[in-house]
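Engineer: One structure, pasted below without further comment.
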2 protein chains.
Amino acid sequence: MASDTDHPAGATRPAPSDGEFAAGLRIAILRLARRLRVERGDESLTLSQLSALASLEQLGSCSPTELAEAERVQPPSMTRVIAALEAHGYAVRAPHERDRRQAVIAITAEGRRVLDETRRLRNAWIAQALGELSAKELAQLAAAIPVLARLAER
Amino acid sequence: MASDTDHPAGATRPAPSDGEFAAGLRIAILRLARRLRVERGDESLTLSQLSALASLEQLGSCSPTELAEAERVQPPSMTRVIAALEAHGYAVRAPHERDRRQAVIAITAEGRRVLDETRRLRNAWIAQALGELSAKELAQLAAAIPVLARLAER
DNA sequence: TATTGTTATACTCTATAACTATA
DNA sequence: TATAGTTATAGAGTATAACAATA
């Protein structure tokens with residue numbers, strides 16, 4: 001892929017070999033994920049729960065399976081996340097109208113509140129870190145976020 | 001999005017609010033980390049072990065504490081990683097010459113070989129995913145990697 | 001007493017396999 | 001039989017607290 005060539009005059013060039021490129025990305029992601037997992041606010045929502053709650057807010061009411069698919073995890077993993085959200089009162093479960101095998105999950109008002117509040121609290125670390133980046137670095141990061149998201153979707 | 005455009009010359013500010021920016025980054029990192037953790041080669045090195053072995057190669061001989069610091073984990077976590085690397089024959093432990101409290105860890109030839117091989121194997125998924133990105137997206141990603149790395153160092 | 005490292009323990013996150021209830 | 005979901009179980013990854021050996 002791409003490695004070779006191109007971008008003669010092209011500015012940024014991803015020069016390094018595919019292997020180095022991928023290795024660098026892999027390590028950077030691993031380490032950042034470690035940091036983000038640890039730097040959690042105190043609202044008692046873990047990173048996975050927060051992510052699922054955010055997906056739930058976006059999707060609106062949905063089934064556990066749909067939520068699992070949105071988060072790209074297996075259903076049993078989502079079962080536990082939903083149970084935690086329910087226990088906190090951030091999500092509710094209702095029976096599906098016609099198909100009694102299915103459950104319908106929805107975010108609660110309290111869930112929305114916590115989502116907003118946690119976003120603020122939890123971003124403290126990242127905001128501070130971002131603050132130490134140059135404008136150029138910030139722009140580079142901003143440009144890369146959608147690319148990272150696309151990569152994660154594959 | 002690719003919209004970019006951005007910052008003609010001045011390059012200031014990555015438009016979205018800090019909160020959205022941070023939230024987007026957080027979620028993208030979480031999901032990519034999930035994928036990378038799962039898509040491991042078959043050399044039986046886990047992502048954390050691979051990362052530690054790469055640091056060990058870079059640092060040369062060092063103490064467990066130094067390696068833990070390089071990886072930004074606590075010493076007890078590194079103890080387990082080192083034990084796994086040792087069990088596989090990818091690292092060796094020797095007593096420190098003067099201070100008998102310390103241990104000196106070093107990568108073995110076999111460790112180097114596995115590191116190279118695993119890098120290739122393990123990058124299969126990511127290389128394929130990268131292959132579907134445009135040259136522009138690749139360049140954006142490449143530009144962001146050192147920024148992500150800096151962020152993780154904080 | 002201070003430092004280096006390990007052991008004991010626990011929690012998060014995730015998976016696969018097997019099971020239940022419903023269709 | 002097929003589908004939606006849960007329970008049981010396991011393993012990776014990490015942390016804190018308590019301990020041992022050495023300085």
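Residue numbers start at 1 in each chain; chains themselves are named A, B, ... in the order of the structure tokens; ligands are numbered from 1 in the order shown.
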Return as a Markdown table the residues of chain A lying at most 7 Å from chain B, together with the closest atom-to-atom pair for each and the distance in Å to one decimal, counting only C-alpha atoms, with rows in chain order and ascending residue number.
Structural biologist:
```
| residue | atom | partner | partner_atom | distance |
| --- | --- | --- | --- | --- |
| A:Met1 | CA | B:Gly131 | CA | 5.5 |
| A:Thr12 | CA | B:Ala139 | CA | 6.1 |
| A:Arg13 | CA | B:Ala139 | CA | 5.8 |
| A:Pro14 | CA | B:Ala142 | CA | 5.3 |
| A:Asp18 | CA | B:Ala127 | CA | 6.9 |
| A:Gly19 | CA | B:Arg120 | CA | 6.4 |
| A:Ala22 | CA | B:Asn123 | CA | 6.2 |
| A:Ala23 | CA | B:Arg119 | CA | 6.9 |
| A:Leu25 | CA | B:Ile145 | CA | 6.1 |
| A:Ile27 | CA | B:Ser51 | CA | 6.5 |
| A:Ala28 | CA | B:Ala149 | CA | 5.0 |
| A:Ile29 | CA | B:Ala33 | CA | 6.0 |
| A:Leu30 | CA | B:Ala33 | CA | 6.0 |
| A:Arg31 | CA | B:Ala152 | CA | 5.8 |
| A:Leu32 | CA | B:Ala152 | CA | 4.7 |
| A:Ala33 | CA | B:Leu30 | CA | 6.0 |
| A:Arg35 | CA | B:Ala152 | CA | 6.7 |
| A:Ser51 | CA | B:Ile27 | CA | 6.7 |
| A:Arg119 | CA | B:Gly19 | CA | 6.9 |
| A:Arg120 | CA | B:Gly19 | CA | 6.6 |
| A:Asn123 | CA | B:Ala22 | CA | 6.2 |
| A:Ile126 | CA | B:Ala22 | CA | 6.4 |
| A:Ala127 | CA | B:Asp18 | CA | 6.7 |
| A:Ala129 | CA | B:Leu151 | CA | 6.4 |
| A:Ala135 | CA | B:Thr12 | CA | 5.4 |
| A:Lys136 | CA | B:Ala11 | CA | 6.5 |
| A:Glu137 | CA | B:Val147 | CA | 6.3 |
| A:Leu138 | CA | B:Pro14 | CA | 6.4 |
| A:Ala139 | CA | B:Pro14 | CA | 5.4 |
| A:Gln140 | CA | B:Ala144 | CA | 5.5 |
| A:Leu141 | CA | B:Ala144 | CA | 5.3 |
| A:Ala142 | CA | B:Pro14 | CA | 6.2 |
| A:Ala143 | CA | B:Gln140 | CA | 6.2 |
| A:Ala144 | CA | B:Leu141 | CA | 5.3 |
| A:Ile145 | CA | B:Leu25 | CA | 6.1 |
| A:Pro146 | CA | B:Met1 | CA | 6.5 |
| A:Val147 | CA | B:Glu137 | CA | 6.3 |
| A:Leu148 | CA | B:Ala28 | CA | 6.0 |
| A:Ala149 | CA | B:Ala28 | CA | 5.0 |
| A:Leu151 | CA | B:Ala129 | CA | 6.3 |
| A:Ala152 | CA | B:Leu32 | CA | 4.7 |
| A:Arg154 | CA | B:Ala129 | CA | 6.7 |
```
Engineer: Output C-alpha atoms of each residue in that selection to a file, as a PDB file, in the first residue's frame.
Structural biologist:
```
ATOM      1  CA  MET A   1       0.000   0.000   0.000  1.00  0.00           C
ATOM      2  CA  THR A  12       3.508  15.382   4.763  1.00  0.00           C
ATOM      3  CA  ARG A  13       4.331  12.086   3.442  1.00  0.00           C
ATOM      4  CA  PRO A  14       3.754   8.948   5.342  1.00  0.00           C
ATOM      5  CA  ASP A  18       4.016  -0.046   6.351  1.00  0.00           C
ATOM      6  CA  GLY A  19       5.392  -2.039   9.204  1.00  0.00           C
ATOM      7  CA  ALA A  22       1.378   0.284  11.688  1.00  0.00           C
ATOM      8  CA  ALA A  23       3.632  -0.416  14.659  1.00  0.00           C
ATOM      9  CA  LEU A  25       0.041   3.579  15.345  1.00  0.00           C
ATOM     10  CA  ILE A  27       1.714   1.519  20.189  1.00  0.00           C
ATOM     11  CA  ALA A  28       0.374   5.050  20.272  1.00  0.00           C
ATOM     12  CA  ILE A  29      -3.191   3.752  20.473  1.00  0.00           C
ATOM     13  CA  LEU A  30      -2.376   1.226  23.181  1.00  0.00           C
ATOM     14  CA  ARG A  31      -0.756   3.830  25.367  1.00  0.00           C
ATOM     15  CA  LEU A  32      -3.379   6.468  24.858  1.00  0.00           C
ATOM     16  CA  ALA A  33      -6.108   3.948  25.610  1.00  0.00           C
ATOM     17  CA  ARG A  35      -4.262   6.710  29.868  1.00  0.00           C
ATOM     18  CA  SER A  51     -19.208   4.750  25.453  1.00  0.00           C
ATOM     19  CA  ARG A 119     -18.152  14.302  29.516  1.00  0.00           C
ATOM     20  CA  ARG A 120     -17.100  17.501  31.137  1.00  0.00           C
ATOM     21  CA  ASN A 123     -12.372  15.545  29.544  1.00  0.00           C
ATOM     22  CA  ILE A 126      -7.518  15.375  27.879  1.00  0.00           C
ATOM     23  CA  ALA A 127      -8.340  19.047  27.688  1.00  0.00           C
ATOM     24  CA  ALA A 129      -3.145  17.645  27.532  1.00  0.00           C
ATOM     25  CA  ALA A 135      -2.153  24.866  17.031  1.00  0.00           C
ATOM     26  CA  LYS A 136      -0.624  22.843  14.260  1.00  0.00           C
ATOM     27  CA  GLU A 137      -0.637  19.665  16.277  1.00  0.00           C
ATOM     28  CA  LEU A 138      -4.241  20.243  17.274  1.00  0.00           C
ATOM     29  CA  ALA A 139      -5.189  20.647  13.647  1.00  0.00           C
ATOM     30  CA  GLN A 140      -3.344  17.468  12.732  1.00  0.00           C
ATOM     31  CA  LEU A 141      -5.117  15.611  15.485  1.00  0.00           C
ATOM     32  CA  ALA A 142      -8.504  16.974  14.487  1.00  0.00           C
ATOM     33  CA  ALA A 143      -7.952  15.878  10.915  1.00  0.00           C
ATOM     34  CA  ALA A 144      -7.014  12.395  12.038  1.00  0.00           C
ATOM     35  CA  ILE A 145      -9.972  11.699  14.302  1.00  0.00           C
ATOM     36  CA  PRO A 146     -12.387  10.783  11.530  1.00  0.00           C
ATOM     37  CA  VAL A 147      -9.705   8.637   9.965  1.00  0.00           C
ATOM     38  CA  LEU A 148      -9.200   6.796  13.248  1.00  0.00           C
ATOM     39  CA  ALA A 149     -12.934   6.334  13.534  1.00  0.00           C
ATOM     40  CA  LEU A 151     -10.279   2.544  10.849  1.00  0.00           C
ATOM     41  CA  ALA A 152     -12.083   1.305  13.932  1.00  0.00           C
ATOM     42  CA  ARG A 154     -13.469  -1.940   9.699  1.00  0.00           C
TER      43      ARG A 154
END
```
Engineer: Under the rule of at most 8 Å, produce a per-residue listing of chain A near chain C: chain, number, name, the closest pair of atoms, and the distance in Å, as CSV, using only C-alpha atoms (C1' of nucleotides).
Structural biologist:
```
residue,atom,partner,partner_atom,distance
A:Ser48,CA,C:DC13,C1',7.8
A:Val73,CA,C:DT14,C1',7.9
A:Gln74,CA,C:DA15,C1',7.7
A:Ser77,CA,C:DT14,C1',6.4
A:Asp99,CA,C:DT22,C1',7.8
A:Arg100,CA,C:DT22,C1',6.4
A:Arg101,CA,C:DT22,C1',5.3
```
Engineer: What would the file look like if the residues just selected were written as a CSV table (one decimal), in the first residue's frame with all heavy atoms?
Structural biologist:
```csv
chain,number,residue,atom,x,y,z
A,48,SER,N,-16.1,2.0,29.1
A,48,SER,CA,-17.0,1.2,28.3
A,48,SER,C,-18.4,1.5,28.5
A,48,SER,O,-19.2,1.6,27.6
A,48,SER,CB,-16.7,-0.3,28.5
A,48,SER,OG,-15.5,-0.7,28.2
A,73,VAL,N,-19.0,-5.0,20.1
A,73,VAL,CA,-18.7,-6.1,21.1
A,73,VAL,C,-19.7,-7.2,21.0
A,73,VAL,O,-20.7,-7.0,20.3
A,73,VAL,CB,-18.7,-5.5,22.5
A,73,VAL,CG1,-17.6,-4.4,22.7
A,73,VAL,CG2,-20.1,-5.0,22.9
A,74,GLN,N,-19.4,-8.3,21.6
A,74,GLN,CA,-20.3,-9.4,21.5
A,74,GLN,C,-21.5,-9.2,22.5
A,74,GLN,O,-21.3,-8.5,23.5
A,74,GLN,CB,-19.6,-10.7,21.9
A,74,GLN,CG,-18.5,-11.1,20.9
A,74,GLN,CD,-19.1,-11.3,19.5
A,74,GLN,OE1,-20.1,-12.0,19.3
A,74,GLN,NE2,-18.6,-10.6,18.5
A,77,SER,N,-21.0,-9.4,26.3
A,77,SER,CA,-20.3,-8.2,26.9
A,77,SER,C,-21.3,-7.1,27.1
A,77,SER,O,-21.2,-6.4,28.2
A,77,SER,CB,-19.2,-7.8,25.9
A,77,SER,OG,-18.3,-8.9,25.7
A,99,ASP,N,-42.5,-9.0,20.1
A,99,ASP,CA,-41.6,-10.1,20.2
A,99,ASP,C,-41.1,-10.2,21.6
A,99,ASP,O,-40.2,-9.4,22.0
A,99,ASP,CB,-40.4,-9.9,19.2
A,99,ASP,CG,-39.5,-11.2,19.2
A,99,ASP,OD1,-39.6,-12.0,20.1
A,99,ASP,OD2,-38.8,-11.3,18.2
A,100,ARG,N,-41.6,-11.1,22.4
A,100,ARG,CA,-41.3,-11.2,23.8
A,100,ARG,C,-39.9,-11.7,24.1
A,100,ARG,O,-39.5,-11.8,25.2
A,100,ARG,CB,-42.3,-11.9,24.5
A,100,ARG,CG,-43.6,-11.1,24.6
A,100,ARG,CD,-44.6,-11.7,25.5
A,100,ARG,NE,-44.8,-13.2,25.3
A,100,ARG,CZ,-45.7,-13.9,25.9
A,100,ARG,NH1,-46.5,-13.3,26.8
A,100,ARG,NH2,-45.9,-15.1,25.7
A,101,ARG,N,-39.1,-12.1,23.0
A,101,ARG,CA,-37.8,-12.4,23.3
A,101,ARG,C,-36.9,-11.2,23.4
A,101,ARG,O,-35.9,-11.2,24.1
A,101,ARG,CB,-37.2,-13.2,22.1
A,101,ARG,CG,-37.8,-14.6,21.9
A,101,ARG,CD,-37.3,-15.2,20.6
A,101,ARG,NE,-37.6,-14.3,19.4
A,101,ARG,CZ,-37.3,-14.6,18.2
A,101,ARG,NH1,-36.7,-15.7,17.9
A,101,ARG,NH2,-37.6,-13.7,17.2
```
Engineer: Cα RMSD of chain B on chain A, all Cα atoms paired in order, least-squares fit?
Structural biologist: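 Result: 3.5 Å C-alpha RMSD.
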Engineer: Residues of chain D within 12 Å of chain B, counting only C-alpha atoms (C1' of nucleotides), what are they? List them as a list in words.
Structural biologist: DG11, DA12, DG13, DT14, DA15, DT16, DA17, DA20, DA21, DT22 and DA23 of chain D
Engineer: Identify all residues of range 28-137 of chain B in helix (DSSP H, G or I) (DSSP on the backbone) and supply them as an MDAnalysis selection string.
Structural biologist: chainID B and resid 28:38 47:59 64:71 75:88 109:131 135:137
Engineer: Show which residues sit within 12 Å of range 94-97 of chain A, as a PDB file with N, CA and C atoms (P, O5', C5', C4', C3', O3' and C1' of nucleotides), in the first residue's frame. Count only C-alpha atoms (C1' of nucleotides), and ignore same-chain residues fewer than 6 positions away.
Structural biologist:
```pdb
ATOM      1  N   SER A  61     -34.006   4.339  21.537  1.00  0.00           N
ATOM      2  CA  SER A  61     -34.335   3.002  22.027  1.00  0.00           C
ATOM      3  C   SER A  61     -33.842   1.938  21.061  1.00  0.00           C
ATOM      4  N   CYS A  62     -33.286   0.886  21.605  1.00  0.00           N
ATOM      5  CA  CYS A  62     -32.797  -0.190  20.753  1.00  0.00           C
ATOM      6  C   CYS A  62     -32.657  -1.464  21.554  1.00  0.00           C
ATOM      7  N   SER A  63     -32.376  -2.546  20.869  1.00  0.00           N
ATOM      8  CA  SER A  63     -32.216  -3.829  21.548  1.00  0.00           C
ATOM      9  C   SER A  63     -30.769  -3.988  22.007  1.00  0.00           C
ATOM     10  N   PRO A  64     -30.539  -4.869  22.958  1.00  0.00           N
ATOM     11  CA  PRO A  64     -29.174  -5.142  23.405  1.00  0.00           C
ATOM     12  C   PRO A  64     -28.260  -5.534  22.247  1.00  0.00           C
ATOM     13  N   GLU A  86     -28.249   0.049  34.048  1.00  0.00           N
ATOM     14  CA  GLU A  86     -29.568  -0.078  34.658  1.00  0.00           C
ATOM     15  C   GLU A  86     -29.471   0.088  36.173  1.00  0.00           C
ATOM     16  N   ALA A 103     -35.715  -7.238  24.166  1.00  0.00           N
ATOM     17  CA  ALA A 103     -35.835  -6.193  25.178  1.00  0.00           C
ATOM     18  C   ALA A 103     -35.575  -4.862  24.481  1.00  0.00           C
ATOM     19  N   VAL A 104     -36.126  -3.818  25.026  1.00  0.00           N
ATOM     20  CA  VAL A 104     -35.902  -2.493  24.467  1.00  0.00           C
ATOM     21  C   VAL A 104     -35.202  -1.661  25.537  1.00  0.00           C
ATOM     22  N   ILE A 105     -34.042  -1.162  25.186  1.00  0.00           N
ATOM     23  CA  ILE A 105     -33.257  -0.385  26.136  1.00  0.00           C
ATOM     24  C   ILE A 105     -33.360   1.090  25.782  1.00  0.00           C
ATOM     25  N   ALA A 106     -33.455   1.924  26.804  1.00  0.00           N
ATOM     26  CA  ALA A 106     -33.503   3.363  26.536  1.00  0.00           C
ATOM     27  C   ALA A 106     -32.735   4.125  27.602  1.00  0.00           C
ATOM     28  N   ILE A 107     -32.218   5.275  27.219  1.00  0.00           N
ATOM     29  CA  ILE A 107     -31.506   6.112  28.180  1.00  0.00           C
ATOM     30  C   ILE A 107     -32.534   6.883  29.008  1.00  0.00           C
TER      31      ILE A 107
ATOM     32  P    DT C  22     -41.122 -16.933  27.719  1.00  0.00           P
ATOM     33  O5'  DT C  22     -41.134 -16.728  26.139  1.00  0.00           O
ATOM     34  C5'  DT C  22     -40.479 -15.584  25.632  1.00  0.00           C
ATOM     35  C4'  DT C  22     -40.313 -15.747  24.158  1.00  0.00           C
ATOM     36  C3'  DT C  22     -41.613 -15.958  23.387  1.00  0.00           C
ATOM     37  O3'  DT C  22     -41.841 -14.734  22.694  1.00  0.00           O
ATOM     38  C1'  DT C  22     -39.808 -17.280  22.556  1.00  0.00           C
TER      39       DT C  22
ATOM     40  P    DA D   4     -32.393 -12.113  16.378  1.00  0.00           P
ATOM     41  O5'  DA D   4     -32.701 -12.154  17.945  1.00  0.00           O
ATOM     42  C5'  DA D   4     -33.999 -11.784  18.407  1.00  0.00           C
ATOM     43  C4'  DA D   4     -33.945 -11.570  19.911  1.00  0.00           C
ATOM     44  C3'  DA D   4     -32.766 -10.709  20.373  1.00  0.00           C
ATOM     45  O3'  DA D   4     -33.241  -9.820  21.372  1.00  0.00           O
ATOM     46  C1'  DA D   4     -32.640 -12.871  21.372  1.00  0.00           C
TER      47       DA D   4
END
```
Engineer: Go through chain B and collect every residue that DSSP, computed from the backbone, puts in strand (DSSP E or B); the answer should be as a list in words.
Structural biologist: Cys62, Ala91, Val92, Arg93, Ala94, Pro95, Ala103, Val104, Ile105, Ala106 and Ile107 of chain B
Engineer: Would you export the selected residues with C-alpha atoms as a CSV table (one decimal), in the first residue's frame, please?
Structural biologist:
```csv
chain,number,residue,atom,x,y,z
B,62,CYS,CA,17.3,-2.1,31.9
B,91,ALA,CA,13.9,-11.8,27.5
B,92,VAL,CA,16.4,-12.8,30.1
B,93,ARG,CA,17.0,-11.6,33.6
B,94,ALA,CA,20.4,-11.2,35.2
B,95,PRO,CA,21.4,-9.9,38.6
B,103,ALA,CA,17.5,-7.1,38.2
B,104,VAL,CA,18.7,-6.4,34.7
B,105,ILE,CA,16.4,-7.4,31.9
B,106,ALA,CA,17.5,-7.8,28.3
B,107,ILE,CA,16.0,-9.0,25.0
```
Engineer: Excluding Leu45 in chain B and residues on its chain fewer than 6 positions from it, collect all residues at most 9 Å away from it, counting only C-alpha atoms (C1' of nucleotides), and give them as a VMD selection string.
Structural biologist: chain B and resid 84 to 85 114 118
Engineer: Could you write out the selected residues, including N, CA, C and O atoms, as a compact mmCIF listing (two decimals), in the first residue's frame?
Structural biologist:
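And here is the file that came out, part-v4.txt:
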```txt
# COMPACT_ATOMS: atom_id res chain seq x y z
N ALA B 84 6.16 -13.35 31.56
CA ALA B 84 5.67 -14.00 30.34
C ALA B 84 6.74 -13.98 29.25
O ALA B 84 6.97 -14.97 28.57
N LEU B 85 7.42 -12.85 29.11
CA LEU B 85 8.47 -12.74 28.09
C LEU B 85 9.60 -13.72 28.39
O LEU B 85 10.16 -14.35 27.49
N VAL B 114 11.26 -12.69 17.03
CA VAL B 114 9.81 -12.71 17.19
C VAL B 114 9.22 -11.32 17.03
O VAL B 114 8.13 -11.15 16.48
N THR B 118 6.51 -10.85 14.40
CA THR B 118 5.18 -10.49 14.89
C THR B 118 4.75 -9.16 14.30
O THR B 118 3.58 -8.95 13.99
```
